[in-house]
2 protein chains.
Amino acid sequence: MKFQEKLDKIVRKNNSLLCVGLDSDLDKLPEKFKSKKNPQFEFNKFIIDTTHNLVCAYKPNSAFYEAEGADGIRELKLTCDHLKKNYPEIPIILDAKRGDIGSSNQGYIKYAFEYLKVDAITLHPYLGKESLEPFLDLKEKGFFILCKTSNPGAGEFQDLSVILNEVKDPVPTKSGRKNASLDSSASPQNDIKLYQYIAIQVATKWNKNNNCMLVVGATYPKELVEIRKIVGDMTILVPGVGIQGGDIEKTIKAGLNSKKAGMIINSSRGIIFAKDPRSEAKKLWDKINFYRI
Amino acid sequence: MKFQEKLDKIVRKNNSLLCVGLDSDLDKLPEKFKSKKNPQFEFNKFIIDTTHNLVCAYKPNSAFYEAEGADGIRELKLTCDHLKKNYPEIPIILDAKRGDIGSSNQGYIKYAFEYLKVDAITLHPYLGKESLEPFLDLKEKGFFILCKTSNPGAGEFQDLSVILNEVKDPVPTKSGRKNASLDSSASPQNDIKLYQYIAIQVATKWNKNNNCMLVVGATYPKELVEIRKIVGDMTILVPGVGIQGGDIEKTIKAGLNSKKAGMIINSSRGIIFAKDPRSEAKKLWDKINFYRI
């Protein structure tokens, strides 16, 4: 099954656009887990077992497992195995933000899709489509390309205006029409930002297998509106609600596609390190659905 | 000791700008290593023990170890431990191309500098300086920021012309003078490419602790010349010679700094999978020094 189909199914089943980020930093785990044999895995199992019917995806961030070396990677693997065995209908998005030249990307592919057996991965766009083709050729998997990230300093390069000498393929809009403002007349006056150009390239050139998606931070709702116009109904992963400060109402209104879906709204620390993670997840699930309808 | 001092010492001791890339893909190892208990480590140990007096650094690419999951990470750790114990004077550059928001970067920092105990890491610039500050604050470590990568499709975003409304800090050139062409008069006419702007930002804003360096592919000698003008004597990691097609003579002439150094020239597959890795490393060492002087 293709990633998007799997996602659509669980979105319907759990009536959810909520993704729980498994940023299970060992140092921040509750004491009762720290003393267990596989603390990160046992903590994740608890989080998963208590929130599985509220989510459309889980997103473990590889950084927090790599931090513990081989042991952490093993616990991440146990976490993915637990998900695959008990909740095979829930997609796993590995937040790894990888991006290397083609031959090295094969290593990351083996890590994500053969070893961990996740359904999707986040990727850096900087090396271009050609470098990421080993990923994009995998038709069944999902690829979330960083577009406008949630951090305060994201604009340093992402907001630079770029000069397009020629844009051969005008961009289809949500309604299927061509978008004149991104047509071959594109010039500095069009003021296209780098993050917009990445959205254009991903939507028009990278997505032959319909397996590309974008990452856009909830902390930038204005930019989310613009990106939604560029990419039509494409799924957008939206981190940055909760502790990072993104506003749910603004985010939902900015990002929904024509089917009142097309977003995966991620909260990590705000849920998993809450006193009652299920209750915190349920609150966010409620909020998302309140503004979604 | 700061990364740059450590590098300068070994460059002098081994009279070398050569870095051997430990891209030790398990599937590509010679048969005699595949049957060993720790095949990637045993292979790396063989490569290191036979080339250590020819190199200025080793650069393991994390992708090829992650590909084997927890076992691979353990073998990467064994490799780093072997280097630290037997050749502590040789810097280890972890080629991991990481780049996340600040709190997640802490996980990668723990992986690289506490678990593996490497000396430097490669980083993606896309999220901006603010996101990478947890790295850049580590004064003793080295940070190689991707600037112009070696892959054929690198230009998709890296070569975009960007519009700078204001460049407050003119860029110091090799000779210490200010570079007028990047002055506050910067405009579309100056035709500054994204990769050049990244070099400018890293050289003028990111490098307060003198621990920033760049990655520029040997496949782009013209761009290497331009980047050298922007960053003065800053060290540049240059992958892409050998199998990727970069020309040694052009690369050396394009990239040397005012001290006839400032480059780390990496070859991975061309050396480690050669019939006689030491002889192949020695050939490249000879060539580099032939054109260097």
# chains A, B, ... in the order shown; residues from 1 in each chain; ligands from 1

$ residues_around --residues "A:Leu256" --least-positions-apart "5" --cutoff "12 Å" --atoms "only C-alpha atoms" --output "tab-separated table (two decimals) with C-alpha atoms, in the first residue's frame"
chain	number	residue	atom	x	y	z
A	17	LEU	CA	-4.66	14.60	11.89
A	174	LYS	CA	-5.42	23.57	-5.79
A	221	PRO	CA	0.97	30.08	9.34
A	224	LEU	CA	1.73	27.67	5.26
A	225	VAL	CA	-1.07	29.44	3.36
A	226	GLU	CA	1.31	30.26	0.51
A	227	ILE	CA	2.70	26.74	0.38
A	228	ARG	CA	-0.79	25.23	0.35
A	229	LYS	CA	-1.56	27.35	-2.73
A	231	VAL	CA	1.19	22.34	-3.72
A	232	GLY	CA	-2.55	21.74	-4.07
A	233	ASP	CA	-3.77	18.84	-1.93
A	234	MET	CA	-0.31	17.49	-1.07
A	235	THR	CA	0.12	16.29	2.51
A	236	ILE	CA	2.09	18.65	4.76
A	237	LEU	CA	3.73	17.60	8.01
A	238	VAL	CA	3.36	20.44	10.51
A	248	ILE	CA	-3.67	25.39	16.42
A	249	GLU	CA	-6.50	27.50	15.03
A	250	LYS	CA	-4.24	29.50	12.71
A	251	THR	CA	-2.36	26.37	11.68
A	261	ALA	CA	-7.29	17.06	5.45
A	262	GLY	CA	-3.78	16.96	3.98
A	263	MET	CA	-2.04	17.84	7.23
A	264	ILE	CA	-0.19	15.83	9.82
A	265	ILE	CA	0.02	17.98	12.92
A	288	ILE	CA	-7.72	20.00	15.82
A	289	ASN	CA	-11.15	18.53	15.04
A	291	TYR	CA	-11.16	23.88	13.97
A	292	ARG	CA	-11.11	21.32	11.17
A	293	ILE	CA	-14.87	21.21	10.74

$ interface_residues --of "chain B" --to "chain A" --cutoff "7 Å" --atoms "only C-alpha atoms" --output "JSON, numbers by chain"
{"B": [63, 64, 66, 67, 68, 69, 70, 71, 73, 74, 97, 98, 99, 100, 101, 104, 105, 107, 108, 110, 111, 115, 126, 127, 128, 130, 131, 149, 151, 153, 154, 156, 157, 158, 160, 161, 162, 163]}

$ select_by_dssp --residues "stretch 133-262 of chain B" --states "strand (DSSP E or B)" --output "list in words"
Gly142, Phe143, Phe144, Ile145, Leu146, Cys147, Lys148, Ser161, Val162, Ile163, Pro172, Lys178, Ile192, Lys193, Cys212, Met213, Leu214, Val215, Val216, Ile236, Leu237, Val238, Val241 and Gly246 of chain B

$ residues_around --residues "stretch 274-284 of chain B" --least-positions-apart "6" --cutoff "12 Å" --atoms "only C-alpha atoms" --output "ChimeraX atom specification"
/B:14-22,28-30,43-44,46-56,241-243,247-249,252,265-268,290-292

$ write_last_selection --atoms "C-alpha atoms" --output "CSV table (one decimal), in the first residue's frame"
chain,number,residue,atom,x,y,z
B,14,ASN,CA,52.2,13.6,7.8
B,15,ASN,CA,52.7,16.3,5.2
B,16,SER,CA,49.2,15.5,4.1
B,17,LEU,CA,45.9,17.0,3.0
B,18,LEU,CA,44.5,13.6,2.3
B,19,CYS,CA,41.4,12.3,4.2
B,20,VAL,CA,40.3,8.7,3.8
B,21,GLY,CA,36.6,8.3,3.8
B,22,LEU,CA,35.5,5.2,5.7
B,28,LYS,CA,31.1,-4.1,-0.7
B,29,LEU,CA,33.7,-5.4,1.8
B,30,PRO,CA,36.2,-8.0,0.6
B,43,PHE,CA,37.9,-3.7,7.6
B,44,ASN,CA,38.3,-0.1,9.0
B,46,PHE,CA,42.9,-2.7,8.3
B,47,ILE,CA,42.4,0.5,6.3
B,48,ILE,CA,43.5,2.7,9.2
B,49,ASP,CA,46.5,0.6,10.2
B,50,THR,CA,47.8,0.7,6.6
B,51,THR,CA,47.2,4.4,5.8
B,52,HIS,CA,47.6,6.3,9.1
B,53,ASN,CA,50.9,8.0,8.3
B,54,LEU,CA,49.5,9.3,4.9
B,55,VAL,CA,46.4,11.1,6.1
B,56,CYS,CA,45.3,14.3,7.9
B,241,VAL,CA,37.9,13.2,-6.2
B,242,GLY,CA,38.4,9.7,-7.6
B,243,ILE,CA,35.2,7.8,-8.4
B,247,ASP,CA,40.4,16.4,-11.0
B,248,ILE,CA,43.2,16.6,-8.4
B,249,GLU,CA,45.3,19.3,-10.2
B,252,ILE,CA,44.4,21.8,-5.5
B,265,ILE,CA,40.8,16.3,0.2
B,266,ASN,CA,38.7,13.2,0.7
B,267,SER,CA,38.7,10.0,-1.2
B,268,SER,CA,36.5,7.1,0.0
B,290,PHE,CA,53.0,17.3,-6.4
B,291,TYR,CA,50.4,20.0,-7.2
B,292,ARG,CA,50.5,21.6,-3.7

$ select_by_dssp --residues "stretch 90-283 of chain B" --states "alpha helix (DSSP H)" --output "MDAnalysis selection string"
chainID B and resid 102:109 129:136 155:158 194:201 221:231 248:255 269:272 277:283
